[in-house]
file input-v9.csv (CSV, C-alpha atoms)
chain,number,residue,atom,x,y,z
A,1470,GLN,CA,4.3,14.7,-11.5
A,1471,VAL,CA,3.2,11.2,-10.5
A,1472,GLN,CA,-0.3,10.9,-9.3
A,1473,LEU,CA,-1.7,7.9,-7.4
A,1474,GLU,CA,-5.3,7.2,-6.8
A,1475,GLU,CA,-6.5,4.4,-4.5
A,1476,SER,CA,-9.9,2.7,-4.6
A,1477,GLY,CA,-11.6,-0.4,-3.3
A,1478,GLY,CA,-11.8,0.4,0.4
A,1479,GLY,CA,-15.0,-0.2,2.3
A,1480,SER,CA,-16.5,-1.9,5.3
A,1481,VAL,CA,-16.4,-5.7,5.9
A,1482,GLU,CA,-16.9,-8.0,8.8
A,1483,VAL,CA,-14.1,-10.0,10.4
A,1484,GLY,CA,-13.0,-12.8,8.1
A,1485,GLY,CA,-14.0,-10.9,5.0
A,1486,SER,CA,-12.0,-9.8,2.0
A,1487,LEU,CA,-11.3,-6.6,0.1
A,1488,SER,CA,-9.4,-5.8,-3.0
A,1489,LEU,CA,-7.6,-2.4,-3.3
A,1490,SER,CA,-6.4,-0.8,-6.4
A,1491,CYS,CA,-4.1,2.1,-7.1
A,1492,ALA,CA,-4.1,3.8,-10.5
A,1493,THR,CA,-0.8,5.6,-11.4
A,1494,SER,CA,-0.5,8.4,-13.9
A,1495,GLY,CA,2.1,10.9,-14.9
A,1496,ALA,CA,5.1,8.6,-14.5
A,1497,GLN,CA,7.7,8.6,-17.3
A,1498,HIS,CA,8.8,5.1,-16.4
A,1499,VAL,CA,7.8,2.2,-14.3
A,1500,SER,CA,8.6,2.9,-10.6
A,1501,ASP,CA,11.4,0.9,-9.0
A,1502,ILE,CA,9.1,-0.1,-6.3
A,1503,MET,CA,5.5,0.4,-5.2
A,1504,ALA,CA,3.9,-0.2,-1.9
A,1505,TRP,CA,0.9,-0.2,0.3
A,1506,PHE,CA,1.0,1.5,3.7
A,1507,ARG,CA,-1.7,2.0,6.3
A,1508,GLN,CA,-2.4,4.6,8.9
A,1509,ALA,CA,-4.7,3.7,11.9
A,1510,PRO,CA,-6.9,6.4,13.4
A,1511,GLY,CA,-5.0,8.7,15.7
A,1512,GLN,CA,-1.6,7.9,14.1
A,1513,HIS,CA,0.5,10.6,12.4
A,1514,ARG,CA,1.7,10.3,8.8
A,1515,GLU,CA,5.2,9.3,10.1
A,1516,GLU,CA,3.6,6.4,11.9
A,1517,ARG,CA,2.2,4.8,8.8
A,1518,GLU,CA,2.9,1.0,8.7
A,1519,GLY,CA,4.4,-0.4,5.6
A,1520,VAL,CA,2.2,-3.3,4.6
A,1521,ALA,CA,3.6,-4.7,1.4
A,1522,SER,CA,5.8,-3.7,-1.5
A,1523,ILE,CA,6.6,-4.9,-5.0
A,1524,LYS,CA,9.6,-4.1,-7.0
A,1525,SER,CA,9.8,-3.8,-10.8
A,1526,ASP,CA,11.2,-7.4,-11.0
A,1527,SER,CA,8.0,-8.5,-9.2
A,1528,SER,CA,9.7,-9.4,-6.0
A,1529,THR,CA,7.5,-8.8,-3.0
A,1530,ASN,CA,7.9,-8.0,0.7
A,1531,TYR,CA,5.2,-8.1,3.4
A,1532,ALA,CA,4.9,-7.0,7.0
A,1533,ASP,CA,4.7,-9.9,9.4
A,1534,SER,CA,1.2,-8.9,10.4
A,1535,VAL,CA,-0.2,-9.5,6.9
A,1536,LYS,CA,1.9,-12.4,5.6
A,1537,GLY,CA,-0.3,-15.2,4.2
A,1538,ARG,CA,-3.4,-12.9,4.2
A,1539,PHE,CA,-2.5,-10.1,1.8
A,1540,THR,CA,-1.2,-10.3,-1.7
A,1541,ILE,CA,0.3,-7.4,-3.6
A,1542,SER,CA,0.5,-7.4,-7.4
A,1543,GLN,CA,0.8,-5.0,-10.2
A,1544,ASP,CA,-0.2,-4.7,-13.9
A,1545,ASN,CA,2.3,-2.5,-15.6
A,1546,ALA,CA,0.3,-2.4,-18.8
A,1547,LYS,CA,-2.6,-0.8,-16.8
A,1548,ASN,CA,-0.3,1.2,-14.5
A,1549,THR,CA,-2.2,-0.2,-11.6
A,1550,LEU,CA,-1.1,-1.6,-8.3
A,1551,TYR,CA,-3.4,-4.1,-6.4
A,1552,MET,CA,-3.6,-5.6,-3.0
A,1553,GLN,CA,-5.9,-8.5,-2.2
A,1554,MET,CA,-6.7,-8.7,1.5
A,1555,ASN,CA,-8.2,-11.8,3.0
A,1556,SER,CA,-9.1,-13.0,6.5
A,1557,LEU,CA,-9.4,-9.4,7.6
A,1558,ASN,CA,-9.5,-8.6,11.3
A,1559,THR,CA,-10.3,-5.5,13.3
A,1560,GLU,CA,-6.6,-4.6,13.5
A,1561,ASP,CA,-6.6,-4.1,9.7
A,1562,SER,CA,-8.9,-1.2,10.0
A,1563,ALA,CA,-7.1,1.9,8.7
A,1564,MET,CA,-6.6,4.3,5.9
A,1565,TYR,CA,-4.6,2.5,3.2
A,1566,TYR,CA,-2.2,4.5,1.0
A,1567,CYS,CA,-0.3,3.4,-2.1
A,1568,ALA,CA,3.2,4.9,-2.5
A,1569,SER,CA,5.7,5.0,-5.3
A,1570,GLY,CA,9.4,4.8,-4.5
A,1571,ASN,CA,12.9,4.5,-5.7
A,1572,TYR,CA,15.9,2.2,-5.3
A,1573,TYR,CA,16.4,3.4,-1.7
A,1574,SER,CA,12.7,3.2,-0.6
A,1575,ASP,CA,12.0,0.9,2.4
A,1576,LEU,CA,8.8,-0.2,4.0
A,1577,ARG,CA,10.3,0.7,7.4
A,1578,ASP,CA,10.9,4.3,6.4
A,1579,VAL,CA,7.9,6.4,5.4
A,1580,LYS,CA,10.1,9.3,4.4
A,1581,SER,CA,11.9,7.3,1.8
A,1582,TRP,CA,8.9,7.2,-0.5
A,1583,ASP,CA,8.5,9.7,-3.3
A,1584,PHE,CA,4.8,9.9,-4.1
A,1585,TRP,CA,1.6,9.1,-2.2
A,1586,GLY,CA,-2.1,8.7,-2.9
A,1587,LYS,CA,-4.8,10.2,-0.8
A,1588,GLY,CA,-5.8,6.9,0.7
A,1589,THR,CA,-8.9,4.6,0.8
A,1590,ARG,CA,-10.5,3.6,4.1
A,1591,VAL,CA,-10.9,0.1,5.2
A,1592,THR,CA,-13.1,-0.7,8.2
A,1593,VAL,CA,-13.4,-4.2,9.6
A,1594,SER,CA,-16.1,-4.8,12.2
A,1595,SER,CA,-16.8,-7.7,14.5
call {"tool": "encode", "arguments": {"input": "input-v9.csv", "output": "structure tokens"}}
result
Amino acid sequence: QVQLEESGGGSVEVGGSLSLSCATSGAQHVSDIMAWFRQAPGQHREEREGVASIKSDSSTNYADSVKGRFTISQDNAKNTLYMQMNSLNTEDSAMYYCASGNYYSDLRDVKSWDFWGKGTRVTVSS
């Protein structure tokens, strides 16, 4: 059973930065794709927004709302996924989840992802 554990969330002011990490354990091989999602207060799980993804070949994909501000990366030797978040604004406040997927997983389809962490909260205040 794959286990994902996020860390690095916190409270920052508008314009600030945070770095999230997601430690992976229990996987028998490197996941085809890893991603970060976020869920704003009041949203249901199915409404989670796909923020960024990274494939095993290191190709990346970002939601338009975070392009140029967020950077996803991974260290396979450490089994850890990262996301550097810069120029944060209040709309970025949410619970952030990392997810592990397969060949068919897509940022636009929450149900297509196999495993999820419990999340880490990011709060951006003005």
call {"tool": "closest_residue", "arguments": {"input": "input-v9.csv", "among": "A:Ser1594, A:Thr1540, A:Ser1574, A:Thr1559", "to": "Val1520 (chain A)", "atoms": "all atoms listed in the file"}}
result
A:Thr1540
call {"tool": "closest_residue", "arguments": {"input": "input-v9.csv", "among": "A:Tyr1551, A:Tyr1531, A:Trp1582, A:Phe1506", "to": "Gly1519 (chain A)", "atoms": "all atoms listed in the file"}}
result
A:Phe1506
call {"tool": "atom_distance", "arguments": {"input": "input-v9.csv", "atom1": "CA of Ser1490 (chain A)", "atom2": "CA of Gly1478 (chain A)"}}
result
8.8 Å
call {"tool": "atom_distance", "arguments": {"input": "input-v9.csv", "atom1": "CA of Val1591 (chain A)", "atom2": "CA of Arg1577 (chain A)"}}
result
21.3 Å
call {"tool": "atom_distance", "arguments": {"input": "input-v9.csv", "atom1": "CA of Val1471 (chain A)", "atom2": "CA of Lys1580 (chain A)"}}
result
16.5 Å
call {"tool": "axis_aligned_box", "arguments": {"input": "input-v9.csv", "around": "region 1523-1538 of chain A", "padding_each_side": "3 Å", "output": "lines of an AutoDock Vina configuration file"}}
result
center_x = 3.9
center_y = -9.5
center_z = -0.3
size_x = 20.6
size_y = 17.4
size_z = 27.4
call {"tool": "residues_around", "arguments": {"input": "input-v9.csv", "residues": "Glu1560 (chain A)", "least_positions_apart": "6", "cutoff": "10 Å", "atoms": "only C-alpha atoms", "output": "PyMOL selection string"}}
result
chain A and resi 1483+1509+1534+1592-1594
